[in-house]
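Trainee: Structure supplied as structure-v2.cif; contents: mmCIF, C-alpha atoms.
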```cif
data_entry
#
loop_
_atom_site.label_atom_id
_atom_site.label_comp_id
_atom_site.auth_asym_id
_atom_site.auth_seq_id
_atom_site.Cartn_x
_atom_site.Cartn_y
_atom_site.Cartn_z
CA MET Z 1 -67.73 -44.14 -99.44
CA LYS Z 2 -70.61 -44.53 -97.01
CA ALA Z 3 -71.55 -41.56 -94.82
CA LEU Z 4 -74.44 -40.45 -92.64
CA THR Z 5 -76.13 -37.56 -94.42
CA TRP Z 6 -78.82 -35.08 -93.45
CA GLN Z 7 -81.91 -35.42 -95.65
CA GLY Z 8 -84.38 -33.16 -93.84
CA PRO Z 9 -85.75 -32.42 -90.35
CA ARG Z 10 -85.53 -35.60 -88.23
CA HIS Z 11 -84.43 -37.53 -91.33
CA VAL Z 12 -80.89 -38.86 -91.79
CA GLU Z 13 -79.68 -41.64 -94.08
CA VAL Z 14 -76.49 -43.57 -94.80
CA THR Z 15 -75.72 -42.83 -98.44
CA GLU Z 16 -72.86 -43.10 -100.91
CA VAL Z 17 -70.85 -39.87 -101.23
CA ALA Z 18 -67.60 -38.98 -102.95
CA ASP Z 19 -64.40 -40.05 -101.20
CA PRO Z 20 -62.55 -37.09 -99.65
CA THR Z 21 -59.33 -35.93 -101.30
CA ILE Z 22 -56.41 -33.71 -100.37
CA LYS Z 23 -57.35 -30.13 -101.30
CA GLU Z 24 -54.74 -28.13 -99.39
CA PRO Z 25 -51.12 -28.89 -98.43
CA THR Z 26 -52.22 -28.88 -94.76
CA ASP Z 27 -54.91 -31.57 -95.25
CA ALA Z 28 -54.90 -35.18 -94.15
CA ILE Z 29 -57.25 -38.06 -94.98
CA ILE Z 30 -58.30 -40.29 -92.08
CA LYS Z 31 -59.91 -43.73 -92.30
CA ILE Z 32 -62.48 -43.69 -89.50
CA THR Z 33 -62.53 -46.67 -87.14
CA SER Z 34 -64.87 -45.23 -84.46
CA THR Z 35 -67.14 -42.19 -84.50
CA ALA Z 36 -69.67 -41.17 -81.87
CA ILE Z 37 -73.07 -39.47 -81.93
CA CYS Z 38 -73.01 -36.30 -79.83
CA GLY Z 39 -75.92 -34.67 -78.02
CA SER Z 40 -75.38 -31.57 -80.15
CA ASP Z 41 -75.91 -33.71 -83.27
CA LEU Z 42 -79.51 -33.96 -82.12
CA HIS Z 43 -79.86 -30.19 -82.58
CA LEU Z 44 -79.02 -30.74 -86.26
CA TYR Z 45 -81.54 -33.56 -86.34
CA GLY Z 46 -84.13 -31.06 -85.13
CA VAL Z 47 -83.98 -27.29 -84.79
CA LEU Z 48 -80.84 -26.35 -86.77
CA GLY Z 49 -82.07 -27.85 -90.02
CA PRO Z 50 -82.35 -24.46 -91.79
CA TYR Z 51 -78.53 -24.28 -91.83
CA LEU Z 52 -78.11 -27.70 -93.46
CA LYS Z 53 -78.63 -28.85 -97.01
CA LYS Z 54 -79.64 -32.26 -98.22
CA GLY Z 55 -76.61 -34.54 -98.37
CA ASP Z 56 -74.50 -32.79 -95.70
CA VAL Z 57 -72.32 -35.31 -93.85
CA LEU Z 58 -72.76 -35.15 -90.07
CA GLY Z 59 -70.57 -36.04 -87.10
CA HIS Z 60 -67.72 -34.46 -85.17
CA GLU Z 61 -66.32 -37.13 -82.81
CA PRO Z 62 -64.02 -39.24 -85.03
CA LEU Z 63 -61.01 -41.45 -84.41
CA GLY Z 64 -59.09 -43.33 -87.05
CA VAL Z 65 -55.93 -44.07 -89.01
CA VAL Z 66 -54.09 -41.61 -91.25
CA GLN Z 67 -54.26 -42.68 -94.89
CA GLU Z 68 -52.72 -39.73 -96.73
CA VAL Z 69 -51.20 -36.34 -95.87
CA GLY Z 70 -50.67 -33.10 -97.75
CA SER Z 71 -47.24 -31.83 -98.74
CA ALA Z 72 -47.03 -29.41 -95.78
CA ILE Z 73 -47.69 -32.07 -93.14
CA SER Z 74 -44.61 -33.26 -91.26
CA ASN Z 75 -46.15 -34.28 -87.94
CA LEU Z 76 -48.24 -37.16 -89.31
CA GLU Z 77 -47.66 -40.08 -91.62
CA PRO Z 78 -49.83 -42.87 -92.99
CA GLY Z 79 -50.54 -45.49 -90.33
CA ASP Z 80 -50.65 -43.07 -87.40
CA ARG Z 81 -53.71 -43.44 -85.16
CA VAL Z 82 -55.32 -40.12 -84.32
CA VAL Z 83 -58.36 -38.65 -82.62
CA VAL Z 84 -59.66 -35.49 -84.30
CA PRO Z 85 -60.99 -32.53 -82.24
CA PHE Z 86 -64.36 -31.24 -83.37
CA ASN Z 87 -63.17 -27.66 -83.92
CA ILE Z 88 -60.79 -26.92 -86.80
CA SER Z 89 -57.93 -24.74 -85.59
CA CYS Z 90 -54.63 -23.67 -87.14
CA GLY Z 91 -52.64 -23.45 -83.89
CA HIS Z 92 -50.71 -20.30 -84.87
CA CYS Z 93 -53.12 -17.34 -85.29
CA TRP Z 94 -53.65 -14.73 -82.56
CA MET Z 95 -56.73 -16.51 -81.13
CA CYS Z 96 -54.99 -19.88 -81.10
CA ARG Z 97 -51.98 -18.37 -79.32
CA GLN Z 98 -54.39 -17.24 -76.59
CA GLY Z 99 -55.70 -20.80 -76.27
CA LEU Z 100 -59.02 -19.78 -77.84
CA TYR Z 101 -58.99 -22.51 -80.45
CA ALA Z 102 -62.77 -22.42 -81.02
CA GLN Z 103 -62.27 -18.83 -82.27
CA CYS Z 104 -59.39 -19.63 -84.66
CA GLU Z 105 -58.96 -16.67 -87.03
CA THR Z 106 -57.75 -18.89 -89.86
CA THR Z 107 -60.98 -20.93 -89.97
CA GLN Z 108 -63.42 -18.32 -88.61
CA ASN Z 109 -66.62 -17.93 -90.63
CA ARG Z 110 -66.67 -14.16 -90.90
CA GLU Z 111 -69.47 -14.04 -93.46
CA GLN Z 112 -71.68 -15.80 -90.90
CA GLY Z 113 -70.33 -13.87 -87.91
CA THR Z 114 -69.32 -17.13 -86.22
CA GLY Z 115 -66.19 -18.72 -84.80
CA ALA Z 116 -63.90 -21.48 -85.99
CA SER Z 117 -65.16 -24.08 -88.43
CA LEU Z 118 -66.48 -27.34 -87.01
CA PHE Z 119 -66.75 -30.78 -88.53
CA GLY Z 120 -70.25 -31.71 -89.67
CA TYR Z 121 -71.97 -28.70 -88.14
CA THR Z 122 -73.98 -26.58 -90.58
CA SER Z 123 -73.20 -23.69 -92.91
CA LEU Z 124 -72.86 -21.45 -89.84
CA TYR Z 125 -69.58 -23.20 -89.07
CA GLY Z 126 -68.08 -23.78 -92.47
CA GLY Z 127 -70.20 -26.59 -93.90
CA VAL Z 128 -67.24 -28.98 -93.45
CA PRO Z 129 -68.16 -32.65 -94.07
CA GLY Z 130 -68.25 -34.57 -90.81
CA GLY Z 131 -66.87 -37.77 -89.38
CA GLN Z 132 -69.83 -40.16 -89.30
CA ALA Z 133 -68.38 -41.68 -92.43
CA GLU Z 134 -65.80 -44.16 -93.65
CA TYR Z 135 -63.23 -41.44 -94.40
CA LEU Z 136 -62.67 -37.84 -93.34
CA ARG Z 137 -60.73 -34.95 -94.82
CA VAL Z 138 -59.06 -33.07 -91.96
CA PRO Z 139 -58.09 -29.45 -92.72
CA GLN Z 140 -55.33 -27.83 -90.64
CA ALA Z 141 -53.91 -31.30 -89.96
CA GLN Z 142 -50.56 -29.77 -89.03
CA PHE Z 143 -52.22 -28.98 -85.69
CA GLY Z 144 -55.59 -30.64 -85.19
CA PRO Z 145 -55.23 -34.43 -84.99
CA ILE Z 146 -53.96 -35.85 -81.71
CA LYS Z 147 -51.76 -38.95 -81.96
CA ILE Z 148 -52.71 -41.89 -79.77
CA PRO Z 149 -50.99 -45.21 -79.00
CA GLY Z 150 -51.27 -47.81 -81.72
CA ASP Z 151 -52.45 -50.61 -79.45
CA ALA Z 152 -55.02 -48.78 -77.27
CA PRO Z 153 -58.76 -49.47 -77.59
CA ASP Z 154 -60.51 -46.77 -79.63
CA GLU Z 155 -62.77 -45.78 -76.75
CA GLN Z 156 -59.88 -45.03 -74.44
CA TYR Z 157 -59.17 -41.94 -76.56
CA LEU Z 158 -62.27 -41.38 -78.72
CA TYR Z 159 -63.88 -38.90 -76.33
CA LEU Z 160 -60.89 -36.54 -76.56
CA SER Z 161 -62.60 -35.39 -79.76
CA ASP Z 162 -65.28 -33.54 -77.80
CA ILE Z 163 -67.01 -34.64 -74.62
CA VAL Z 164 -64.05 -35.00 -72.25
CA PRO Z 165 -62.45 -31.61 -73.06
CA THR Z 166 -65.90 -30.00 -73.26
CA ALA Z 167 -66.78 -31.31 -69.80
CA TYR Z 168 -63.36 -30.35 -68.44
CA GLN Z 169 -63.77 -26.79 -69.72
CA ALA Z 170 -67.24 -26.65 -68.17
CA VAL Z 171 -65.84 -27.60 -64.76
CA VAL Z 172 -62.91 -25.18 -65.07
CA TYR Z 173 -65.28 -22.39 -66.10
CA ALA Z 174 -67.51 -23.21 -63.11
CA ASP Z 175 -64.61 -22.07 -60.89
CA VAL Z 176 -65.80 -23.92 -57.80
CA PRO Z 177 -63.98 -22.58 -54.72
CA GLU Z 178 -62.12 -24.91 -52.39
CA GLY Z 179 -64.68 -26.76 -50.28
CA GLY Z 180 -67.45 -25.54 -52.59
CA SER Z 181 -70.36 -27.24 -54.31
CA LEU Z 182 -71.45 -27.86 -57.89
CA ALA Z 183 -74.74 -28.79 -59.54
CA VAL Z 184 -74.81 -30.21 -63.07
CA LEU Z 185 -78.09 -29.97 -64.99
CA GLY Z 186 -78.33 -32.80 -67.49
CA LEU Z 187 -76.49 -36.11 -67.24
CA GLY Z 188 -76.13 -36.81 -70.92
CA PRO Z 189 -72.60 -37.46 -72.24
CA VAL Z 190 -71.11 -34.04 -71.38
CA GLY Z 191 -72.94 -33.68 -68.05
CA GLN Z 192 -71.96 -37.23 -67.17
CA MET Z 193 -68.28 -36.49 -67.80
CA ALA Z 194 -68.56 -33.16 -65.99
CA VAL Z 195 -69.72 -34.75 -62.72
CA ARG Z 196 -67.01 -37.41 -62.99
CA ILE Z 197 -64.30 -34.82 -63.66
CA ALA Z 198 -65.55 -32.64 -60.82
CA ARG Z 199 -65.36 -35.52 -58.37
CA HIS Z 200 -61.90 -36.45 -59.69
CA MET Z 201 -60.80 -32.84 -59.08
CA GLY Z 202 -61.82 -33.22 -55.44
CA ILE Z 203 -65.10 -31.30 -55.44
CA GLU Z 204 -66.90 -33.09 -52.64
CA ARG Z 205 -70.47 -31.92 -53.06
CA VAL Z 206 -71.65 -32.59 -56.61
CA TRP Z 207 -75.31 -32.90 -57.57
CA GLY Z 208 -76.40 -34.30 -60.92
CA VAL Z 209 -79.91 -33.56 -62.18
CA ASP Z 210 -81.62 -35.69 -64.83
CA ALA Z 211 -85.05 -37.24 -65.31
CA VAL Z 212 -83.67 -40.42 -66.95
CA PRO Z 213 -83.03 -43.17 -64.35
CA GLU Z 214 -80.23 -44.83 -66.34
CA ARG Z 215 -78.31 -41.56 -66.52
CA ARG Z 216 -78.60 -41.01 -62.79
CA ALA Z 217 -77.47 -44.59 -62.21
CA ALA Z 218 -74.40 -44.06 -64.40
CA ALA Z 219 -73.31 -41.02 -62.35
CA ALA Z 220 -73.97 -42.36 -58.86
CA PRO Z 221 -70.92 -44.70 -58.62
CA PHE Z 222 -68.62 -41.68 -58.97
CA GLY Z 223 -69.83 -40.17 -55.69
CA VAL Z 224 -72.47 -37.91 -57.23
CA GLN Z 225 -75.77 -37.23 -55.48
CA THR Z 226 -78.36 -37.55 -58.22
CA LEU Z 227 -81.75 -35.85 -58.37
CA ASP Z 228 -84.84 -36.52 -60.46
CA PRO Z 229 -86.43 -33.17 -61.38
CA ASP Z 230 -89.77 -34.90 -61.87
CA SER Z 231 -89.83 -36.14 -58.28
CA VAL Z 232 -89.65 -32.74 -56.57
CA PRO Z 233 -91.98 -29.73 -56.92
CA ASP Z 234 -89.13 -27.25 -57.57
CA ILE Z 235 -85.66 -28.50 -58.52
CA ALA Z 236 -84.04 -25.07 -58.12
CA GLN Z 237 -85.35 -24.73 -54.58
CA THR Z 238 -84.25 -28.29 -53.81
CA LEU Z 239 -80.70 -27.44 -54.86
CA ILE Z 240 -80.79 -24.25 -52.80
CA ASP Z 241 -81.90 -26.21 -49.73
CA LEU Z 242 -79.23 -28.89 -50.24
CA ALA Z 243 -76.52 -26.23 -50.53
CA ASP Z 244 -76.93 -24.68 -47.08
CA GLY Z 245 -79.94 -22.61 -48.08
CA ARG Z 246 -77.78 -20.44 -50.36
CA GLY Z 247 -77.53 -22.58 -53.49
CA PRO Z 248 -74.54 -24.27 -55.13
CA ASP Z 249 -71.41 -22.22 -55.68
CA ALA Z 250 -71.64 -23.09 -59.36
CA VAL Z 251 -74.11 -24.66 -61.78
CA ILE Z 252 -73.23 -26.27 -65.11
CA ASP Z 253 -75.98 -26.25 -67.72
CA ALA Z 254 -75.17 -29.31 -69.84
CA VAL Z 255 -78.60 -29.35 -71.51
CA GLY Z 256 -78.83 -26.42 -73.91
CA MET Z 257 -81.43 -25.23 -76.37
CA GLU Z 258 -83.81 -28.21 -76.30
CA ALA Z 259 -84.42 -28.49 -72.56
CA HIS Z 260 -87.55 -30.29 -71.43
CA GLY Z 261 -89.69 -28.15 -69.16
CA HIS Z 262 -89.82 -29.02 -65.47
CA SER Z 263 -90.11 -25.68 -63.71
CA SER Z 264 -92.06 -24.00 -66.53
CA PRO Z 265 -93.61 -26.64 -68.82
CA ILE Z 266 -96.07 -24.28 -70.53
CA ARG Z 267 -93.39 -21.75 -71.46
CA THR Z 268 -91.10 -24.57 -72.62
CA LYS Z 269 -93.88 -26.07 -74.76
CA LEU Z 270 -94.44 -22.72 -76.45
CA ALA Z 271 -90.72 -22.46 -77.28
CA GLU Z 272 -90.71 -26.07 -78.50
CA THR Z 273 -93.66 -25.31 -80.79
CA ALA Z 274 -91.86 -22.24 -82.16
CA GLN Z 275 -88.73 -24.32 -82.83
CA LEU Z 276 -90.75 -26.99 -84.63
CA ALA Z 277 -92.58 -24.41 -86.72
CA THR Z 278 -89.25 -22.95 -87.84
CA THR Z 279 -88.04 -26.34 -89.10
CA LEU Z 280 -91.13 -26.57 -91.34
CA LEU Z 281 -90.43 -23.26 -93.09
CA PRO Z 282 -88.32 -22.98 -96.27
CA ASP Z 283 -84.66 -22.39 -95.38
CA VAL Z 284 -84.61 -18.96 -97.05
CA VAL Z 285 -87.27 -17.90 -94.53
CA ALA Z 286 -86.29 -20.02 -91.53
CA ALA Z 287 -82.61 -19.11 -91.31
CA PRO Z 288 -83.09 -15.30 -91.14
CA LEU Z 289 -85.97 -15.82 -88.71
CA MET Z 290 -83.77 -17.88 -86.38
CA GLU Z 291 -80.96 -15.34 -86.62
CA LYS Z 292 -83.25 -12.47 -85.59
CA ALA Z 293 -86.00 -14.09 -83.52
CA GLY Z 294 -84.90 -17.62 -82.70
CA ILE Z 295 -85.99 -18.86 -79.28
CA ASP Z 296 -84.38 -21.61 -77.22
CA ARG Z 297 -86.09 -23.79 -74.64
CA LEU Z 298 -84.52 -22.20 -71.59
CA ASP Z 299 -85.77 -24.27 -68.68
CA ALA Z 300 -82.30 -25.52 -67.73
CA LEU Z 301 -80.77 -22.04 -67.90
CA ARG Z 302 -83.59 -20.53 -65.85
CA THR Z 303 -83.13 -23.28 -63.27
CA ALA Z 304 -79.40 -22.52 -63.15
CA ILE Z 305 -80.04 -18.80 -62.62
CA ARG Z 306 -82.47 -19.49 -59.79
CA ALA Z 307 -80.43 -22.21 -58.11
CA VAL Z 308 -76.90 -20.79 -58.09
CA ARG Z 309 -75.93 -18.84 -54.99
CA ARG Z 310 -75.50 -15.08 -55.05
CA GLY Z 311 -72.07 -14.26 -56.41
CA GLY Z 312 -71.82 -17.75 -57.90
CA THR Z 313 -70.97 -18.95 -61.41
CA ILE Z 314 -72.99 -20.49 -64.22
CA SER Z 315 -71.03 -22.50 -66.77
CA LEU Z 316 -72.83 -23.22 -70.05
CA SER Z 317 -71.67 -26.19 -72.07
CA GLY Z 318 -75.06 -26.95 -73.62
CA VAL Z 319 -75.46 -25.44 -77.10
CA TYR Z 320 -77.70 -22.38 -77.46
CA GLY Z 321 -78.65 -20.76 -80.74
CA GLY Z 322 -81.51 -18.33 -80.07
CA ALA Z 323 -81.22 -14.66 -80.94
CA ALA Z 324 -84.27 -13.46 -79.00
CA ASP Z 325 -84.15 -15.52 -75.82
CA PRO Z 326 -86.03 -13.94 -72.88
CA ILE Z 327 -83.93 -14.36 -69.75
CA SER Z 328 -84.01 -12.40 -66.53
CA MET Z 329 -81.16 -9.91 -66.74
CA ARG Z 330 -82.52 -8.37 -63.52
CA GLU Z 331 -81.96 -11.62 -61.65
CA LEU Z 332 -78.49 -12.15 -63.13
CA PHE Z 333 -77.49 -8.61 -62.19
CA ASP Z 334 -79.12 -8.64 -58.77
CA LYS Z 335 -77.48 -11.94 -57.78
CA GLY Z 336 -74.09 -10.91 -59.15
CA ILE Z 337 -73.83 -14.09 -61.19
CA GLN Z 338 -70.82 -14.77 -63.40
CA VAL Z 339 -71.58 -16.62 -66.65
CA ARG Z 340 -69.00 -18.41 -68.80
CA MET Z 341 -69.79 -20.33 -71.96
CA GLY Z 342 -68.78 -21.30 -75.48
CA GLN Z 343 -67.49 -24.09 -77.67
CA ALA Z 344 -64.72 -26.07 -76.02
CA HIS Z 345 -61.17 -25.09 -76.94
CA VAL Z 346 -60.20 -28.75 -77.27
CA HIS Z 347 -56.43 -28.41 -77.64
CA ARG Z 348 -56.29 -26.08 -74.64
CA TRP Z 349 -57.23 -28.96 -72.35
CA VAL Z 350 -55.48 -31.92 -73.96
CA ASP Z 351 -52.48 -31.88 -71.61
CA GLN Z 352 -54.79 -31.90 -68.59
CA VAL Z 353 -57.20 -34.60 -69.75
CA MET Z 354 -54.78 -36.92 -71.54
CA PRO Z 355 -53.56 -38.44 -68.24
CA LEU Z 356 -57.18 -39.12 -67.24
CA VAL Z 357 -58.01 -41.12 -70.37
CA SER Z 358 -54.63 -42.86 -70.62
CA ASP Z 359 -54.65 -43.98 -66.96
CA PRO Z 360 -55.10 -47.79 -66.85
CA LEU Z 361 -57.38 -47.31 -63.82
CA ASP Z 362 -59.78 -45.37 -66.08
CA PRO Z 363 -60.93 -42.82 -63.47
CA LEU Z 364 -63.58 -41.33 -65.77
CA GLY Z 365 -64.95 -44.65 -66.98
CA VAL Z 366 -64.31 -43.82 -70.65
CA GLN Z 367 -63.63 -47.39 -71.72
CA ASN Z 368 -67.12 -48.54 -70.73
CA PHE Z 369 -68.91 -45.27 -71.38
CA ALA Z 370 -70.77 -46.13 -74.58
CA THR Z 371 -74.03 -47.96 -74.01
CA HIS Z 372 -74.44 -48.90 -77.68
CA HIS Z 373 -71.94 -49.99 -80.36
CA LEU Z 374 -73.46 -50.13 -83.83
CA PRO Z 375 -72.35 -50.27 -87.46
CA LEU Z 376 -72.51 -47.05 -89.45
CA ASP Z 377 -75.48 -48.45 -91.41
CA ALA Z 378 -77.54 -48.39 -88.18
CA ALA Z 379 -76.94 -44.67 -87.60
CA PRO Z 380 -80.47 -43.48 -88.53
CA GLU Z 381 -82.03 -45.81 -85.96
CA ALA Z 382 -79.33 -44.82 -83.45
CA TYR Z 383 -80.25 -41.14 -83.82
CA GLU Z 384 -83.87 -41.92 -83.02
CA MET Z 385 -82.94 -44.09 -80.04
CA PHE Z 386 -80.56 -41.46 -78.65
CA ARG Z 387 -83.07 -38.64 -79.16
CA ASP Z 388 -85.86 -40.58 -77.47
CA LYS Z 389 -83.57 -41.88 -74.67
CA ARG Z 390 -84.72 -45.43 -75.36
CA GLU Z 391 -83.02 -48.62 -74.20
CA GLY Z 392 -80.91 -46.76 -71.66
CA CYS Z 393 -79.05 -45.02 -74.49
CA LEU Z 394 -76.40 -42.68 -73.11
CA LYS Z 395 -73.73 -42.78 -75.81
CA VAL Z 396 -73.59 -44.41 -79.24
CA VAL Z 397 -70.34 -45.34 -80.97
CA LEU Z 398 -70.56 -46.14 -84.68
CA ASN Z 399 -67.99 -48.36 -86.39
CA PRO Z 400 -67.79 -47.73 -90.16
#
```
Let's see the structure in the file written out as structure tokens.
Mentor:
Amino acid sequence: MKALTWQGPRHVEVTEVADPTIKEPTDAIIKITSTAICGSDLHLYGVLGPYLKKGDVLGHEPLGVVQEVGSAISNLEPGDRVVVPFNISCGHCWMCRQGLYAQCETTQNREQGTGASLFGYTSLYGGVPGGQAEYLRVPQAQFGPIKIPGDAPDEQYLYLSDIVPTAYQAVVYADVPEGGSLAVLGLGPVGQMAVRIARHMGIERVWGVDAVPERRAAAAPFGVQTLDPDSVPDIAQTLIDLADGRGPDAVIDAVGMEAHGHSSPIRTKLAETAQLATTLLPDVVAAPLMEKAGIDRLDALRTAIRAVRRGGTISLSGVYGGAADPISMRELFDKGIQVRMGQAHVHRWVDQVMPLVSDPLDPLGVQNFATHHLPLDAAPEAYEMFRDKREGCLKVVLNP
């Protein structure tokens, strides 16, 4: 089959790989009809290369049709349409019973000291082949895949795989009080959904921060006040002033480890240089170095810490991977800031978000969310376009 494979830093190709097969009684094989490129895939394209090997299949936002099921699967049958959450969870271990599906004890990667396995996301998270391919083997299929109506457009349900539940968790974790305010840093796919979900939940004052005009334009129709960080001298102070001089009640950082520097461009450039240097080292050197001294570009997080009001909440949905990140613990402690973060527990939020994506009125705009629809063969060019934010690219859906 054809699949998008990692070939080296900033180098992906569509290649021929072996078709997936049933390996365990709880497996299923899915024929992919739509699969999206996620913002966190760009971290693999860049700084997380030391945890990939040449030929690894990427992607973790797949939707398709069941082709084959293992002997222990009774909830699925060939012909079912399903969307597949990005984290692989069993549904019955202690962590899953707590709703902490991203920490599933059945698929945890204990030798790496990390949580549940993820599709297409490095040796840190199981090295499981991903969904930017023609077919996908789905472990723990007795629980993971979510059935969808047979006649619905793919994009009505595709984003249940990641960005809608991730954004929903980010807003829930933000814990905005009644009548309160929320700022979202980064209006990429997750930040975009976060501001839309926040407005749908009735949060009246929502600010979305992004330097890309097309991303601000996509958020504005949902009642979001958008801000360009390049047009003000200090975006954190601007948010403080807008929120009654105290700052927003909560801030969502939907940017993560590769933030572009606005408040501290020199410090961000130094971190960017360190990240780039790591990708050029042999993996046997780079991986241990990242695990002990890895540094993220923290401009978005620092902005969140400065902007949020005292006693407020920071919700991190952007991916961070540094082990030696310098942040101001003094400021966090002094301001009494609560911080919540982590991979989204997709199944925990399905009952809440399913009505939003299945509603014919499409309150989150999922059916017209993708800005680019491309064949799988165009994936390498799509990665470059998405990374460089060219052609108004907000979300790419690939059709194998």
Trainee: What does the structure give for the distance between atom CA of Z:Gly120 and atom CA of Z:Glu105, in Å to one decimal?
Mentor: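 Interatomic distance, atom CA of Z:Gly120 to atom CA of Z:Glu105: 19.0 Å.
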Trainee: Provide the atom CA of Z:Leu52 to atom CA of Z:Tyr125 distance in Å, to one decimal place.
Mentor: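 Taking atom CA of Z:Leu52 as the start and atom CA of Z:Tyr125 as the end point, the length is 10.6 Å.
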Trainee: May I ask which of the residues Z:Pro78, Z:Gly99, Z:Pro165, Z:Gly70 is the closest one to Z:Gln140, counting all atoms listed in the file?
Mentor: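 Nearest to Z:Gln140: Z:Gly70.
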Trainee: What separation in Å, quoted to one decimal, exists between atom CA of Z:Val12 and atom CA of Z:Pro85?
Mentor: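 We find that atom CA of Z:Val12 and atom CA of Z:Pro85 lie 23.0 Å from each other.
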Trainee: I'd like the residues picked by the PyMOL selection byres ((chain Z and resi 350-362) around 8) written out as a PyMOL selection string, using the chain letters and numbers from the file.
Mentor: chain Z and resi 156-157+160+164-165+168+346-349+363-367
Trainee: For the residues selected in the previous step, produce a file with C-alpha atoms as a PDB file, in the coordinates of the input.
Mentor:
```
ATOM      1  CA  GLN Z 156     -59.880 -45.030 -74.440  1.00  0.00           C
ATOM      2  CA  TYR Z 157     -59.170 -41.940 -76.560  1.00  0.00           C
ATOM      3  CA  LEU Z 160     -60.890 -36.540 -76.560  1.00  0.00           C
ATOM      4  CA  VAL Z 164     -64.050 -35.000 -72.250  1.00  0.00           C
ATOM      5  CA  PRO Z 165     -62.450 -31.610 -73.060  1.00  0.00           C
ATOM      6  CA  TYR Z 168     -63.360 -30.350 -68.440  1.00  0.00           C
ATOM      7  CA  VAL Z 346     -60.200 -28.750 -77.270  1.00  0.00           C
ATOM      8  CA  HIS Z 347     -56.430 -28.410 -77.640  1.00  0.00           C
ATOM      9  CA  ARG Z 348     -56.290 -26.080 -74.640  1.00  0.00           C
ATOM     10  CA  TRP Z 349     -57.230 -28.960 -72.350  1.00  0.00           C
ATOM     11  CA  PRO Z 363     -60.930 -42.820 -63.470  1.00  0.00           C
ATOM     12  CA  LEU Z 364     -63.580 -41.330 -65.770  1.00  0.00           C
ATOM     13  CA  GLY Z 365     -64.950 -44.650 -66.980  1.00  0.00           C
ATOM     14  CA  VAL Z 366     -64.310 -43.820 -70.650  1.00  0.00           C
ATOM     15  CA  GLN Z 367     -63.630 -47.390 -71.720  1.00  0.00           C
TER      16      GLN Z 367
END
```
Trainee: Take the PyMOL selection byres ((chain Z and resi 218) around 12), apply it to the structure above, and return the hits as an NGL selection string.
Mentor: :Z and (187-189 or 191-193 or 195-196 or 208 or 210 or 212-217 or 219-226 or 364-366 or 368-371 or 392-395)
Trainee: Now that the selection is made, can you save its residues with C-alpha atoms as a CSV table (one decimal), keeping the file's coordinate frame?
Mentor:
```csv
chain,number,residue,atom,x,y,z
Z,187,LEU,CA,-76.5,-36.1,-67.2
Z,188,GLY,CA,-76.1,-36.8,-70.9
Z,189,PRO,CA,-72.6,-37.5,-72.2
Z,191,GLY,CA,-72.9,-33.7,-68.0
Z,192,GLN,CA,-72.0,-37.2,-67.2
Z,193,MET,CA,-68.3,-36.5,-67.8
Z,195,VAL,CA,-69.7,-34.8,-62.7
Z,196,ARG,CA,-67.0,-37.4,-63.0
Z,208,GLY,CA,-76.4,-34.3,-60.9
Z,210,ASP,CA,-81.6,-35.7,-64.8
Z,212,VAL,CA,-83.7,-40.4,-67.0
Z,213,PRO,CA,-83.0,-43.2,-64.4
Z,214,GLU,CA,-80.2,-44.8,-66.3
Z,215,ARG,CA,-78.3,-41.6,-66.5
Z,216,ARG,CA,-78.6,-41.0,-62.8
Z,217,ALA,CA,-77.5,-44.6,-62.2
Z,219,ALA,CA,-73.3,-41.0,-62.4
Z,220,ALA,CA,-74.0,-42.4,-58.9
Z,221,PRO,CA,-70.9,-44.7,-58.6
Z,222,PHE,CA,-68.6,-41.7,-59.0
Z,223,GLY,CA,-69.8,-40.2,-55.7
Z,224,VAL,CA,-72.5,-37.9,-57.2
Z,225,GLN,CA,-75.8,-37.2,-55.5
Z,226,THR,CA,-78.4,-37.6,-58.2
Z,364,LEU,CA,-63.6,-41.3,-65.8
Z,365,GLY,CA,-65.0,-44.6,-67.0
Z,366,VAL,CA,-64.3,-43.8,-70.6
Z,368,ASN,CA,-67.1,-48.5,-70.7
Z,369,PHE,CA,-68.9,-45.3,-71.4
Z,370,ALA,CA,-70.8,-46.1,-74.6
Z,371,THR,CA,-74.0,-48.0,-74.0
Z,392,GLY,CA,-80.9,-46.8,-71.7
Z,393,CYS,CA,-79.0,-45.0,-74.5
Z,394,LEU,CA,-76.4,-42.7,-73.1
Z,395,LYS,CA,-73.7,-42.8,-75.8
```
Trainee: Taking 5 positions as the minimum chain separation for residues in the same chain, which residues sit within 7 Å of Z:Met95 when counting all atoms listed in the file? Answer as a ChimeraX atom specification.
Mentor: /Z:100-101,103-105
Trainee: Which residues, written as a ChimeraX atom specification, have at least one atom at most 6 Å from stretch 57-61 of chain Z, with only C-alpha atoms counted and residues fewer than 4 positions away on the same chain left out?
Mentor: /Z:4-5,35-36,86,119-120,129-132,161
Trainee: Output the selection as an mmCIF file, in the coordinates of the input - C-alpha atoms for each residue.
Mentor:
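Written output follows (out33.cif):
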```cif
data_model
loop_
_atom_site.group_PDB
_atom_site.id
_atom_site.type_symbol
_atom_site.label_atom_id
_atom_site.label_comp_id
_atom_site.auth_asym_id
_atom_site.auth_seq_id
_atom_site.Cartn_x
_atom_site.Cartn_y
_atom_site.Cartn_z
ATOM 1 C CA LEU Z 4 -74.440 -40.450 -92.640
ATOM 2 C CA THR Z 5 -76.130 -37.560 -94.420
ATOM 3 C CA THR Z 35 -67.140 -42.190 -84.500
ATOM 4 C CA ALA Z 36 -69.670 -41.170 -81.870
ATOM 5 C CA PHE Z 86 -64.360 -31.240 -83.370
ATOM 6 C CA PHE Z 119 -66.750 -30.780 -88.530
ATOM 7 C CA GLY Z 120 -70.250 -31.710 -89.670
ATOM 8 C CA PRO Z 129 -68.160 -32.650 -94.070
ATOM 9 C CA GLY Z 130 -68.250 -34.570 -90.810
ATOM 10 C CA GLY Z 131 -66.870 -37.770 -89.380
ATOM 11 C CA GLN Z 132 -69.830 -40.160 -89.300
ATOM 12 C CA SER Z 161 -62.600 -35.390 -79.760
#
```
